[in-house]
>>> print(open('protein-v8.tsv').read())   # TSV, C-alpha atoms
chain	number	residue	atom	x	y	z
A	18	MET	CA	35.17	21.01	33.42
A	19	TRP	CA	32.12	19.04	32.29
A	20	LEU	CA	33.83	18.01	29.04
A	21	SER	CA	36.89	16.52	30.75
A	22	GLY	CA	37.50	12.83	30.11
A	23	PHE	CA	36.07	12.84	26.59
A	24	ARG	CA	38.29	12.33	23.60
A	25	LYS	CA	38.70	15.01	20.97
A	26	PHE	CA	35.82	15.04	18.52
A	27	ASN	CA	36.55	15.58	14.85
A	28	PHE	CA	33.65	17.63	13.54
A	29	SER	CA	34.98	17.50	9.98
A	30	ASN	CA	34.38	13.75	9.94
A	31	SER	CA	30.99	13.91	11.61
A	32	TYR	CA	29.30	14.57	8.29
A	33	LEU	CA	30.97	11.83	6.27
A	34	LEU	CA	30.29	8.14	6.61
A	35	GLY	CA	31.29	6.57	3.35
A	36	ASP	CA	28.79	7.89	0.83
A	37	CYS	CA	25.97	8.05	3.35
A	38	LYS	CA	23.94	10.90	4.76
A	39	VAL	CA	23.10	9.04	7.93
A	40	GLY	CA	25.97	10.52	9.94
A	41	SER	CA	25.04	14.09	9.12
A	42	PHE	CA	21.38	13.38	9.84
A	43	LEU	CA	22.20	12.09	13.32
A	44	ALA	CA	24.61	14.90	14.08
A	45	SER	CA	22.09	17.53	13.04
A	46	SER	CA	19.26	15.81	14.92
A	47	LEU	CA	21.29	15.69	18.11
A	48	LEU	CA	22.16	19.37	17.90
A	49	GLY	CA	18.65	20.35	16.88
A	50	HIS	CA	19.23	21.64	13.35
A	51	ARG	CA	19.53	20.39	9.77
A	52	LEU	CA	22.91	20.55	8.10
A	53	SER	CA	23.29	22.08	4.69
A	54	ASP	CA	23.13	19.85	1.64
A	55	GLY	CA	26.74	20.64	0.94
A	56	PHE	CA	27.84	18.80	4.07
A	57	ALA	CA	25.25	16.04	3.75
A	58	SER	CA	25.94	15.02	0.16
A	59	ALA	CA	29.71	14.43	0.14
A	60	ARG	CA	29.57	12.44	-3.08
A	61	GLY	CA	32.83	11.37	-4.62
A	62	ARG	CA	34.47	11.02	-1.21
A	63	THR	CA	33.43	7.47	-0.50
A	64	CYS	CA	35.56	5.01	1.40
A	65	ALA	CA	36.84	2.00	-0.48
A	66	THR	CA	34.55	-0.47	1.24
A	67	SER	CA	32.83	-3.46	-0.27
A	68	CYS	CA	29.55	-1.72	0.48
A	69	ALA	CA	30.36	1.42	-1.49
A	70	LYS	CA	32.02	-0.34	-4.39
A	71	TYR	CA	29.22	-2.83	-4.85
A	72	LEU	CA	26.44	-0.31	-4.67
A	73	GLU	CA	28.05	2.13	-7.07
A	74	ASP	CA	27.65	-0.57	-9.70
A	75	SER	CA	24.22	-1.69	-8.54
A	76	PRO	CA	21.42	-1.02	-11.03
A	77	ASN	CA	18.98	-0.80	-8.13
A	78	ALA	CA	20.80	1.97	-6.28
A	79	ASN	CA	18.44	4.87	-5.65
A	80	PRO	CA	19.21	8.53	-4.97
A	81	ALA	CA	19.24	9.47	-1.30
A	82	ILE	CA	16.24	10.92	0.38
A	83	VAL	CA	16.64	11.98	3.98
A	84	SER	CA	13.44	12.65	5.85
A	85	ASP	CA	12.68	13.42	9.45
A	86	ASP	CA	11.23	10.00	10.17
A	87	MET	CA	13.57	7.72	8.25
A	88	LEU	CA	17.27	6.94	7.98
A	89	ILE	CA	17.83	6.50	4.26
A	90	ASP	CA	21.33	6.59	2.85
A	91	SER	CA	22.49	7.79	-0.55
A	92	PHE	CA	22.01	4.29	-1.98
A	93	GLY	CA	18.32	4.30	-1.07
A	94	ARG	CA	18.69	1.83	1.79
A	95	ARG	CA	16.46	2.42	4.79
A	96	HIS	CA	18.40	1.77	7.99
A	97	SER	CA	15.95	0.30	10.48
A	98	TYR	CA	18.27	-1.99	12.45
A	99	LEU	CA	20.74	-0.74	15.06
A	100	ARG	CA	23.41	-2.88	16.72
A	101	ILE	CA	24.62	-1.45	20.04
A	102	SER	CA	27.82	-2.71	21.62
A	103	LEU	CA	27.36	-2.43	25.38
A	104	THR	CA	30.95	-3.23	26.31
A	105	GLU	CA	34.35	-3.98	24.83
A	106	ARG	CA	35.00	-6.62	27.46
A	107	CYS	CA	34.52	-10.35	26.92
A	108	ASN	CA	34.87	-13.43	29.10
A	109	LEU	CA	36.25	-15.46	26.18
A	110	ARG	CA	39.30	-14.95	23.93
A	111	CYS	CA	38.14	-16.45	20.63
A	112	GLN	CA	41.08	-16.77	18.26
A	113	TYR	CA	39.26	-15.32	15.24
A	114	CYS	CA	38.09	-12.33	17.29
A	115	MET	CA	41.05	-11.09	19.32
A	116	PRO	CA	44.68	-11.81	20.23
A	117	ALA	CA	45.51	-14.13	23.12
A	118	ASP	CA	46.42	-11.22	25.40
A	119	GLY	CA	43.18	-9.40	24.60
A	120	VAL	CA	42.82	-5.91	23.17
A	121	GLU	CA	43.48	-2.47	24.58
A	122	LEU	CA	40.29	-1.35	26.27
A	123	THR	CA	38.87	2.15	26.17
A	124	PRO	CA	39.01	3.85	29.60
A	125	GLY	CA	35.71	3.57	31.44
A	126	PRO	CA	34.87	7.31	31.48
A	127	GLN	CA	35.01	7.32	27.67
A	128	LEU	CA	32.43	4.55	27.27
A	129	LEU	CA	28.76	5.29	26.83
A	130	SER	CA	26.81	5.40	30.06
A	131	GLN	CA	23.38	3.83	30.41
A	132	ASN	CA	21.68	7.21	30.00
A	133	GLU	CA	23.73	8.01	26.90
A	134	ILE	CA	22.86	4.64	25.35
A	135	ILE	CA	19.15	5.22	25.95
A	136	HIS	CA	19.37	8.80	24.67
A	137	LEU	CA	21.01	7.72	21.42
A	138	ALA	CA	18.71	4.73	21.03
A	139	ASP	CA	15.70	7.00	21.44
A	140	LEU	CA	17.02	9.24	18.67
A	141	PHE	CA	17.49	6.28	16.33
A	142	VAL	CA	14.05	4.82	17.11
A	143	THR	CA	12.26	8.14	16.59
A	144	SER	CA	14.14	8.37	13.27
A	145	GLY	CA	12.96	5.03	11.93
A	146	VAL	CA	14.90	2.23	13.65
A	147	ASP	CA	12.53	-0.51	14.83
A	148	LYS	CA	15.02	-3.24	15.77
A	149	ILE	CA	17.94	-3.06	18.19
A	150	ARG	CA	20.45	-5.83	18.84
A	151	LEU	CA	22.71	-5.71	21.89
A	152	THR	CA	26.24	-7.01	21.35
A	153	GLY	CA	29.70	-6.63	22.87
A	154	GLY	CA	32.28	-7.75	23.70
A	155	GLU	CA	29.93	-9.88	25.72
A	156	PRO	CA	26.78	-7.92	26.62
A	157	THR	CA	25.72	-10.10	29.55
A	158	ILE	CA	28.78	-9.13	31.62
A	159	ARG	CA	27.55	-5.54	31.82
A	160	LYS	CA	26.10	-5.10	35.32
A	161	ASP	CA	23.19	-2.92	34.25
A	162	ILE	CA	22.15	-5.10	31.31
A	163	GLU	CA	18.65	-5.73	32.68
A	164	ASP	CA	17.99	-2.03	33.28
A	165	ILE	CA	19.20	-1.17	29.77
A	166	CYS	CA	16.91	-3.79	28.24
A	167	PHE	CA	13.91	-2.60	30.23
A	168	ARG	CA	14.45	1.03	29.24
A	169	LEU	CA	15.02	0.17	25.58
A	170	THR	CA	11.80	-1.82	25.31
A	171	SER	CA	9.97	1.21	26.68
A	172	LEU	CA	10.94	3.26	23.63
A	173	LYS	CA	7.89	3.98	21.50
A	174	GLY	CA	8.35	2.54	18.03
A	175	LEU	CA	10.83	-0.21	18.90
A	176	LYS	CA	9.44	-3.55	17.72
A	177	THR	CA	12.30	-5.96	18.45
A	178	LEU	CA	15.04	-6.09	21.06
A	179	ALA	CA	17.56	-8.86	20.34
A	180	MET	CA	20.86	-9.95	21.82
A	181	THR	CA	23.94	-11.79	20.60
A	182	THR	CA	25.87	-13.56	23.35
A	183	ASN	CA	28.49	-16.27	23.84
A	184	GLY	CA	26.15	-17.97	26.29
A	185	ILE	CA	28.65	-18.39	29.12
A	186	THR	CA	26.57	-16.53	31.72
A	187	LEU	CA	23.29	-16.41	29.82
A	188	SER	CA	21.33	-19.27	31.40
A	189	ARG	CA	21.06	-17.69	34.86
A	190	LYS	CA	20.26	-14.24	33.48
A	191	LEU	CA	17.86	-15.25	30.74
A	192	PRO	CA	14.55	-15.31	32.70
A	193	LYS	CA	15.11	-11.74	33.87
A	194	LEU	CA	16.28	-10.61	30.42
A	195	LYS	CA	13.12	-12.01	28.86
A	196	GLU	CA	11.05	-10.28	31.52
A	197	CYS	CA	12.85	-7.02	30.59
A	198	GLY	CA	11.90	-7.41	26.94
A	199	VAL	CA	14.60	-9.33	25.09
A	200	MET	CA	12.68	-10.99	22.26
A	201	SER	CA	15.35	-12.78	20.25
A	202	ILE	CA	18.58	-14.56	21.20
A	203	ASN	CA	21.64	-15.44	19.10
A	204	ILE	CA	24.21	-17.67	20.83
A	205	SER	CA	27.70	-18.02	19.39
A	206	LEU	CA	29.06	-21.57	19.33
A	207	ASP	CA	31.73	-22.80	16.92
A	208	THR	CA	32.24	-26.38	18.03
A	209	LEU	CA	30.50	-29.19	19.90
A	210	VAL	CA	33.82	-30.75	20.97
A	211	PRO	CA	35.06	-29.68	24.44
A	212	ALA	CA	38.75	-29.73	23.53
A	213	LYS	CA	38.12	-27.65	20.40
A	214	PHE	CA	35.99	-25.20	22.37
A	215	GLU	CA	38.80	-24.64	24.86
A	216	PHE	CA	41.28	-24.24	22.01
A	217	ILE	CA	39.30	-21.70	20.00
A	218	THR	CA	38.03	-19.65	22.97
A	219	ARG	CA	41.13	-20.13	25.17
A	220	ARG	CA	38.64	-20.85	27.98
A	221	LYS	CA	36.48	-23.71	29.26
A	222	GLY	CA	32.70	-23.46	29.09
A	223	LEU	CA	31.10	-25.58	26.36
A	224	GLU	CA	28.62	-27.14	28.80
A	225	ARG	CA	27.49	-23.71	29.98
A	226	VAL	CA	26.83	-22.61	26.40
A	227	LEU	CA	24.81	-25.75	25.68
A	228	GLU	CA	22.88	-25.15	28.91
A	229	SER	CA	22.10	-21.63	27.73
A	230	ILE	CA	20.76	-22.94	24.42
A	231	ASP	CA	18.42	-25.30	26.25
A	232	ALA	CA	17.47	-22.55	28.71
A	233	ALA	CA	16.53	-20.27	25.83
A	234	ILE	CA	14.33	-22.99	24.35
A	235	ASP	CA	12.71	-23.57	27.76
A	236	CYS	CA	12.03	-19.82	28.02
A	237	GLY	CA	10.08	-20.00	24.77
A	238	TYR	CA	12.50	-18.46	22.31
A	239	ASN	CA	11.67	-19.82	18.87
A	240	PRO	CA	13.94	-20.07	17.10
A	241	VAL	CA	17.08	-19.95	19.20
A	242	LYS	CA	19.74	-18.85	16.75
A	243	VAL	CA	23.16	-20.49	17.03
A	244	ASN	CA	25.97	-18.64	15.23
A	245	CYS	CA	28.82	-20.87	14.03
A	246	VAL	CA	31.88	-19.37	12.34
A	247	VAL	CA	33.19	-22.09	10.01
A	248	MET	CA	36.97	-22.43	9.63
A	249	ARG	CA	38.70	-24.95	7.41
A	250	GLY	CA	40.72	-27.48	9.35
A	251	PHE	CA	39.03	-26.62	12.63
A	252	ASN	CA	35.28	-27.19	12.60
A	253	ASP	CA	34.32	-27.77	8.96
A	254	ASP	CA	33.98	-31.46	9.85
A	255	GLU	CA	31.18	-30.62	12.33
A	256	LEU	CA	28.65	-29.09	9.93
A	257	CYS	CA	26.33	-32.07	10.00
A	258	ASP	CA	26.64	-32.39	13.78
A	259	PHE	CA	25.37	-28.83	14.08
A	260	VAL	CA	22.54	-29.54	11.65
A	261	GLU	CA	21.49	-32.45	13.87
A	262	LEU	CA	20.75	-29.90	16.61
A	263	THR	CA	17.84	-28.72	14.48
A	264	ARG	CA	16.17	-32.11	14.22
A	265	ASP	CA	14.14	-32.02	17.44
A	266	LYS	CA	14.69	-28.49	18.71
A	267	PRO	CA	13.58	-25.05	17.45
A	268	ILE	CA	17.16	-24.03	16.64
A	269	ASN	CA	18.30	-22.01	13.66
A	270	VAL	CA	21.94	-22.93	13.04
A	271	ARG	CA	23.70	-20.11	11.18
A	272	PHE	CA	26.94	-21.07	9.46
A	273	ILE	CA	29.04	-17.93	9.01
A	274	GLU	CA	31.89	-17.57	6.54
A	275	PHE	CA	35.19	-16.74	8.24
A	276	MET	CA	35.74	-12.99	7.98
A	277	PRO	CA	38.88	-10.88	8.47
A	278	PHE	CA	39.20	-8.78	11.64
A	279	ASP	CA	42.19	-7.08	13.21
A	280	GLY	CA	44.25	-9.62	15.10
A	281	ASN	CA	42.60	-12.82	13.86
A	282	VAL	CA	45.32	-13.68	11.30
A	283	TRP	CA	42.74	-14.21	8.58
A	284	ASN	CA	43.74	-16.03	5.43
A	285	VAL	CA	41.75	-17.35	2.53
A	286	GLN	CA	42.83	-20.94	3.21
A	287	LYS	CA	40.64	-20.90	6.35
A	288	LEU	CA	37.58	-19.73	4.42
A	289	VAL	CA	34.96	-22.39	3.68
A	290	PRO	CA	32.65	-20.84	1.07
A	291	PHE	CA	28.89	-21.07	1.22
A	292	SER	CA	28.71	-23.34	-1.84
A	293	GLU	CA	30.99	-25.90	-0.21
A	294	MET	CA	29.16	-25.78	3.13
A	295	LYS	CA	25.80	-26.23	1.44
A	296	ASP	CA	27.06	-29.17	-0.65
A	297	THR	CA	28.39	-30.87	2.48
A	298	VAL	CA	25.06	-30.49	4.27
A	299	ALA	CA	23.03	-31.52	1.21
A	300	LYS	CA	24.96	-34.78	0.84
A	301	HIS	CA	23.82	-35.90	4.29
A	302	PHE	CA	20.42	-34.18	4.40
A	303	THR	CA	19.08	-34.62	0.91
A	304	GLU	CA	15.67	-33.05	1.53
A	305	ILE	CA	16.99	-29.57	2.15
A	306	MET	CA	14.79	-26.80	0.79
A	307	ARG	CA	15.40	-23.11	0.21
A	308	LEU	CA	13.20	-20.71	2.17
A	309	GLN	CA	12.07	-17.24	1.19
A	310	ASP	CA	14.44	-14.63	2.62
A	311	HIS	CA	13.59	-11.11	3.70
A	312	PRO	CA	15.26	-8.48	1.45
A	313	SER	CA	17.46	-7.32	4.35
A	314	ASP	CA	18.47	-10.80	5.52
A	315	THR	CA	22.19	-11.46	5.77
A	316	ALA	CA	21.56	-15.20	5.65
A	317	LYS	CA	20.37	-17.68	3.05
A	318	ASN	CA	17.80	-19.80	4.86
A	319	PHE	CA	16.91	-23.47	4.44
A	320	SER	CA	14.63	-26.04	6.01
A	321	ILE	CA	15.18	-29.78	6.16
A	322	LYS	CA	12.23	-32.16	5.92
A	323	GLY	CA	11.48	-33.66	9.32
A	324	HIS	CA	13.53	-31.10	11.27
A	325	LEU	CA	11.91	-28.77	13.75
A	326	GLY	CA	14.61	-26.14	13.28
A	327	THR	CA	16.29	-24.56	10.25
A	328	VAL	CA	19.74	-23.96	8.75
A	329	SER	CA	21.15	-20.70	7.42
A	330	PHE	CA	24.36	-19.56	5.74
A	331	VAL	CA	25.80	-16.07	6.23
A	332	THR	CA	27.81	-15.44	3.06
A	333	SER	CA	29.73	-12.31	4.02
A	334	MET	CA	32.77	-13.12	1.90
A	335	THR	CA	31.58	-14.97	-1.22
A	336	GLU	CA	28.12	-13.48	-1.82
A	337	HIS	CA	27.92	-10.26	0.14
A	338	PHE	CA	24.58	-8.64	0.86
A	339	CYS	CA	25.48	-4.95	0.78
A	340	ALA	CA	22.58	-3.93	-1.46
A	341	GLY	CA	20.01	-4.96	1.14
A	342	CYS	CA	21.94	-3.98	4.27
A	343	ASN	CA	19.81	-2.05	6.76
A	344	ARG	CA	22.24	-2.12	9.69
A	345	LEU	CA	23.82	0.63	11.73
A	346	ARG	CA	26.42	0.07	14.47
A	347	LEU	CA	26.98	2.01	17.67
A	348	LEU	CA	30.16	0.98	19.46
A	349	ALA	CA	30.67	1.02	23.22
A	350	ASP	CA	32.89	4.11	23.02
A	351	GLY	CA	30.24	6.09	21.14
A	352	ASN	CA	31.69	5.59	17.68
A	353	PHE	CA	29.10	5.10	14.95
A	354	LYS	CA	29.59	2.95	11.84
A	355	VAL	CA	27.39	2.17	8.88
A	356	CYS	CA	29.57	-0.68	7.58
A	357	LEU	CA	31.38	-3.36	9.56
A	358	PHE	CA	34.13	-3.48	6.94
A	359	GLY	CA	34.35	0.28	6.47
A	360	PRO	CA	37.00	2.38	8.26
A	361	SER	CA	34.80	5.46	8.70
A	362	GLU	CA	33.50	6.21	12.19
A	363	VAL	CA	31.77	9.16	13.82
A	364	ASN	CA	32.00	9.62	17.57
A	365	LEU	CA	28.55	10.53	18.84
A	366	SER	CA	29.39	10.64	22.55
A	367	LEU	CA	30.30	14.34	22.61
A	368	LEU	CA	27.19	15.21	20.62
A	369	VAL	CA	25.09	13.39	23.22
A	370	ILE	CA	26.82	15.28	26.04
A	371	LEU	CA	26.23	18.57	24.22
A	372	ASP	CA	22.60	17.74	23.63
A	373	LEU	CA	22.03	16.76	27.25
A	374	TYR	CA	23.91	19.83	28.48
A	375	LEU	CA	21.91	22.20	26.25
A	376	SER	CA	18.67	20.63	27.45
A	377	LEU	CA	19.41	21.48	31.11
>>> encode(input="protein-v8.tsv", output="structure tokens")
Amino acid sequence: MWLSGFRKFNFSNSYLLGDCKVGSFLASSLLGHRLSDGFASARGRTCATSCAKYLEDSPNANPAIVSDDMLIDSFGRRHSYLRISLTERCNLRCQYCMPADGVELTPGPQLLSQNEIIHLADLFVTSGVDKIRLTGGEPTIRKDIEDICFRLTSLKGLKTLAMTTNGITLSRKLPKLKECGVMSINISLDTLVPAKFEFITRRKGLERVLESIDAAIDCGYNPVKVNCVVMRGFNDDELCDFVELTRDKPINVRFIEFMPFDGNVWNVQKLVPFSEMKDTVAKHFTEIMRLQDHPSDTAKNFSIKGHLGTVSFVTSMTEHFCAGCNRLRLLADGNFKVCLFGPSEVNLSLLVILDLYLSL
């Protein structure tokens, strides 16, 4: 049976993603028809996410307008940025990301194939998405990563293809990835101390990550973004060391507030708030200046006089940016989310199979 191997799809949830119409729009687009307003609206049945709660009180929240060429939710936010997880697998075991013994992986047949990824991405791009970021797990361990990148950059209307990676295998793959259209690189690195790196990732590899940063610079990426999750008592004493990376290199260091995820034993004592991080940096680099942010930026951006690179702070916990969020998330198993902190998901994999089957 052609449907064997695919998990049960809950159609009743396919129309509800928090208080958004995006899920119903995608479902109807995939199946070739528009759903009724009764299914699309679903007001009053929002999930208790920070996104929904904040925007209900926002004076700038606009009524939803769903058109055929845009993804606009019921808060008036245009979703033009799609994050696609290519795999659940990772070659590190970062303590804030997953347990020491890893996580239960979805069986291979239930993960999106290359053709399914491209099919869904094409739908999103023709609906208004102009930026796609490839994530994981660790995206570079997927064997067909270059083919996926090449096919994605061929989609008419896509302006930016970006990637977030831990950098372990990036340096040897980067020239080909750039040739295939990857335009922007974020590299995750939480410490510059080898012993700390091995402790937090439960693996060796700091030198390979640093090599990947330099390789990205040599390939012409400007800036090379370095994501650093700041945790009290672990790496909060390295803030200025990271800022020093920006002095002579086109690096954008992005300090990220420690966020709760399943299995990372989050507690507020580990959180170093933006205000404290900024004060620490400003004491050592007095000529720090605020830059103009894009309305959809998740980061507060700064330059430092005399530095080639820049510094940013992602304030997910203390000053969230829900009102300007333009992100959508497609997970490796086909589940679709509009909010990282929200529990609501829609599995699009069966809809893709149905669409491809009906098109035969």
>>> atom_distance(input="protein-v8.tsv", atom1="atom CA of Lys190 of chain A", atom2="atom CA of Glu228 of chain A")
12.1 Å
>>> residues_around(input="protein-v8.tsv", residues="segment 220-223 of chain A", least_positions_apart="3", cutoff="12 Å", atoms="all atoms listed in the file", output="JSON, numbers by chain")
{"A": [107, 108, 109, 110, 111, 112, 117, 183, 184, 185, 186, 187, 204, 205, 206, 207, 208, 209, 210, 211, 212, 213, 214, 215, 216, 217, 226, 227, 228, 229, 230]}
>>> closest_residue(input="protein-v8.tsv", among="A:Val355, A:Leu347, A:Met294, A:Ile89", to="Ser329 of chain A", atoms="all atoms listed in the file")
A:Met294
>>> atom_distance(input="protein-v8.tsv", atom1="atom CA of Gly174 of chain A", atom2="atom CA of Ile101 of chain A")
16.9 Å
>>> closest_residue(input="protein-v8.tsv", among="A:Arg344, A:Lys287, A:Arg94, A:His136", to="Glu274 of chain A", atoms="all atoms listed in the file")
A:Lys287
>>> atom_distance(input="protein-v8.tsv", atom1="atom CA of Ser201 of chain A", atom2="atom CA of Leu178 of chain A")
6.7 Å
>>> residues_around(input="protein-v8.tsv", residues="Glu362 of chain A", least_positions_apart="5", cutoff="6 Å", atoms="all atoms listed in the file", output="tab-separated table (two decimals) with C-alpha atoms, keeping the file's coordinate frame")
chain	number	residue	atom	x	y	z
A	352	ASN	CA	31.69	5.59	17.68
A	353	PHE	CA	29.10	5.10	14.95
A	354	LYS	CA	29.59	2.95	11.84
>>> residues_around(input="protein-v8.tsv", residues="segment 148-163 of chain A", least_positions_apart="2", cutoff="6 Å", atoms="only C-alpha atoms", output="list in words")
Tyr98, Leu99, Arg100, Ile101, Ser102, Leu103, Thr104, Glu105, Arg106, Cys107, Val146, Ile165, Cys166, Lys176, Thr177, Leu178, Ala179, Met180, Thr181, Thr182 and Leu194 of chain A
>>> residues_near_point(input="protein-v8.tsv", point="(31.7, -18.3, -3.1)", cutoff="12 Å", atoms="all atoms listed in the file", output="list in words")
Glu274, Phe275, Val285, Leu288, Val289, Pro290, Phe291, Ser292, Glu293, Met294, Lys295, Phe330, Val331, Thr332, Ser333, Met334, Thr335, Glu336 and His337 of chain A
>>> residues_around(input="protein-v8.tsv", residues="segment 257-266 of chain A", least_positions_apart="6", cutoff="12 Å", atoms="all atoms listed in the file", output="PDB file with C-alpha atoms, keeping the file's coordinate frame")
ATOM      1  CA  LEU A 206      29.060 -21.570  19.330  1.00  0.00           C
ATOM      2  CA  ASP A 207      31.730 -22.800  16.920  1.00  0.00           C
ATOM      3  CA  THR A 208      32.240 -26.380  18.030  1.00  0.00           C
ATOM      4  CA  LEU A 209      30.500 -29.190  19.900  1.00  0.00           C
ATOM      5  CA  VAL A 210      33.820 -30.750  20.970  1.00  0.00           C
ATOM      6  CA  LEU A 227      24.810 -25.750  25.680  1.00  0.00           C
ATOM      7  CA  ILE A 230      20.760 -22.940  24.420  1.00  0.00           C
ATOM      8  CA  ASP A 231      18.420 -25.300  26.250  1.00  0.00           C
ATOM      9  CA  ALA A 232      17.470 -22.550  28.710  1.00  0.00           C
ATOM     10  CA  ALA A 233      16.530 -20.270  25.830  1.00  0.00           C
ATOM     11  CA  ILE A 234      14.330 -22.990  24.350  1.00  0.00           C
ATOM     12  CA  ASP A 235      12.710 -23.570  27.760  1.00  0.00           C
ATOM     13  CA  GLY A 237      10.080 -20.000  24.770  1.00  0.00           C
ATOM     14  CA  TYR A 238      12.500 -18.460  22.310  1.00  0.00           C
ATOM     15  CA  ASN A 239      11.670 -19.820  18.870  1.00  0.00           C
ATOM     16  CA  PRO A 240      13.940 -20.070  17.100  1.00  0.00           C
ATOM     17  CA  VAL A 241      17.080 -19.950  19.200  1.00  0.00           C
ATOM     18  CA  LYS A 242      19.740 -18.850  16.750  1.00  0.00           C
ATOM     19  CA  VAL A 243      23.160 -20.490  17.030  1.00  0.00           C
ATOM     20  CA  ASN A 244      25.970 -18.640  15.230  1.00  0.00           C
ATOM     21  CA  CYS A 245      28.820 -20.870  14.030  1.00  0.00           C
ATOM     22  CA  VAL A 246      31.880 -19.370  12.340  1.00  0.00           C
ATOM     23  CA  VAL A 247      33.190 -22.090  10.010  1.00  0.00           C
ATOM     24  CA  PHE A 272      26.940 -21.070   9.460  1.00  0.00           C
ATOM     25  CA  MET A 294      29.160 -25.780   3.130  1.00  0.00           C
ATOM     26  CA  LYS A 295      25.800 -26.230   1.440  1.00  0.00           C
ATOM     27  CA  ASP A 296      27.060 -29.170  -0.650  1.00  0.00           C
ATOM     28  CA  THR A 297      28.390 -30.870   2.480  1.00  0.00           C
ATOM     29  CA  VAL A 298      25.060 -30.490   4.270  1.00  0.00           C
ATOM     30  CA  ALA A 299      23.030 -31.520   1.210  1.00  0.00           C
ATOM     31  CA  LYS A 300      24.960 -34.780   0.840  1.00  0.00           C
ATOM     32  CA  HIS A 301      23.820 -35.900   4.290  1.00  0.00           C
ATOM     33  CA  PHE A 302      20.420 -34.180   4.400  1.00  0.00           C
ATOM     34  CA  THR A 303      19.080 -34.620   0.910  1.00  0.00           C
ATOM     35  CA  ILE A 305      16.990 -29.570   2.150  1.00  0.00           C
ATOM     36  CA  PHE A 319      16.910 -23.470   4.440  1.00  0.00           C
ATOM     37  CA  SER A 320      14.630 -26.040   6.010  1.00  0.00           C
ATOM     38  CA  ILE A 321      15.180 -29.780   6.160  1.00  0.00           C
ATOM     39  CA  LYS A 322      12.230 -32.160   5.920  1.00  0.00           C
ATOM     40  CA  GLY A 323      11.480 -33.660   9.320  1.00  0.00           C
ATOM     41  CA  HIS A 324      13.530 -31.100  11.270  1.00  0.00           C
ATOM     42  CA  LEU A 325      11.910 -28.770  13.750  1.00  0.00           C
ATOM     43  CA  GLY A 326      14.610 -26.140  13.280  1.00  0.00           C
ATOM     44  CA  THR A 327      16.290 -24.560  10.250  1.00  0.00           C
ATOM     45  CA  VAL A 328      19.740 -23.960   8.750  1.00  0.00           C
ATOM     46  CA  SER A 329      21.150 -20.700   7.420  1.00  0.00           C
ATOM     47  CA  PHE A 330      24.360 -19.560   5.740  1.00  0.00           C
TER      48      PHE A 330
END
>>> closest_residue(input="protein-v8.tsv", among="A:Asn203, A:Asn343, A:Ser97, A:Asn284", to="Val270 of chain A", atoms="only C-alpha atoms")
A:Asn203
>>> build_atoms(input="protein-v8.tsv", residues="segment 296-307 of chain A", atoms="N, CA and C atoms", output="PDB file, keeping the file's coordinate frame")
ATOM      1  N   ASP A 296      26.891 -27.854  -0.025  1.00  0.00           N
ATOM      2  CA  ASP A 296      27.060 -29.170  -0.650  1.00  0.00           C
ATOM      3  C   ASP A 296      27.302 -30.244   0.409  1.00  0.00           C
ATOM      4  N   THR A 297      28.102 -29.905   1.410  1.00  0.00           N
ATOM      5  CA  THR A 297      28.390 -30.870   2.480  1.00  0.00           C
ATOM      6  C   THR A 297      27.112 -31.239   3.225  1.00  0.00           C
ATOM      7  N   VAL A 298      26.316 -30.241   3.560  1.00  0.00           N
ATOM      8  CA  VAL A 298      25.060 -30.490   4.270  1.00  0.00           C
ATOM      9  C   VAL A 298      24.087 -31.280   3.397  1.00  0.00           C
ATOM     10  N   ALA A 299      23.991 -30.889   2.119  1.00  0.00           N
ATOM     11  CA  ALA A 299      23.030 -31.520   1.210  1.00  0.00           C
ATOM     12  C   ALA A 299      23.339 -32.996   0.953  1.00  0.00           C
ATOM     13  N   LYS A 300      24.601 -33.380   1.046  1.00  0.00           N
ATOM     14  CA  LYS A 300      24.960 -34.780   0.840  1.00  0.00           C
ATOM     15  C   LYS A 300      24.415 -35.673   1.952  1.00  0.00           C
ATOM     16  N   HIS A 301      24.296 -35.117   3.151  1.00  0.00           N
ATOM     17  CA  HIS A 301      23.820 -35.900   4.290  1.00  0.00           C
ATOM     18  C   HIS A 301      22.323 -35.681   4.570  1.00  0.00           C
ATOM     19  N   PHE A 302      21.841 -34.504   4.190  1.00  0.00           N
ATOM     20  CA  PHE A 302      20.420 -34.180   4.400  1.00  0.00           C
ATOM     21  C   PHE A 302      19.846 -33.800   3.034  1.00  0.00           C
ATOM     22  N   THR A 303      19.421 -34.799   2.313  1.00  0.00           N
ATOM     23  CA  THR A 303      19.080 -34.620   0.910  1.00  0.00           C
ATOM     24  C   THR A 303      17.807 -33.791   0.702  1.00  0.00           C
ATOM     25  N   GLU A 304      16.926 -33.783   1.685  1.00  0.00           N
ATOM     26  CA  GLU A 304      15.670 -33.050   1.530  1.00  0.00           C
ATOM     27  C   GLU A 304      15.770 -31.648   2.142  1.00  0.00           C
ATOM     28  N   ILE A 305      16.788 -30.947   1.703  1.00  0.00           N
ATOM     29  CA  ILE A 305      16.990 -29.570   2.150  1.00  0.00           C
ATOM     30  C   ILE A 305      16.323 -28.635   1.155  1.00  0.00           C
ATOM     31  N   MET A 306      15.588 -27.679   1.658  1.00  0.00           N
ATOM     32  CA  MET A 306      14.790 -26.800   0.790  1.00  0.00           C
ATOM     33  C   MET A 306      15.064 -25.335   1.112  1.00  0.00           C
ATOM     34  N   ARG A 307      15.158 -24.538   0.066  1.00  0.00           N
ATOM     35  CA  ARG A 307      15.400 -23.110   0.210  1.00  0.00           C
ATOM     36  C   ARG A 307      14.139 -22.416   0.711  1.00  0.00           C
TER      37      ARG A 307
END
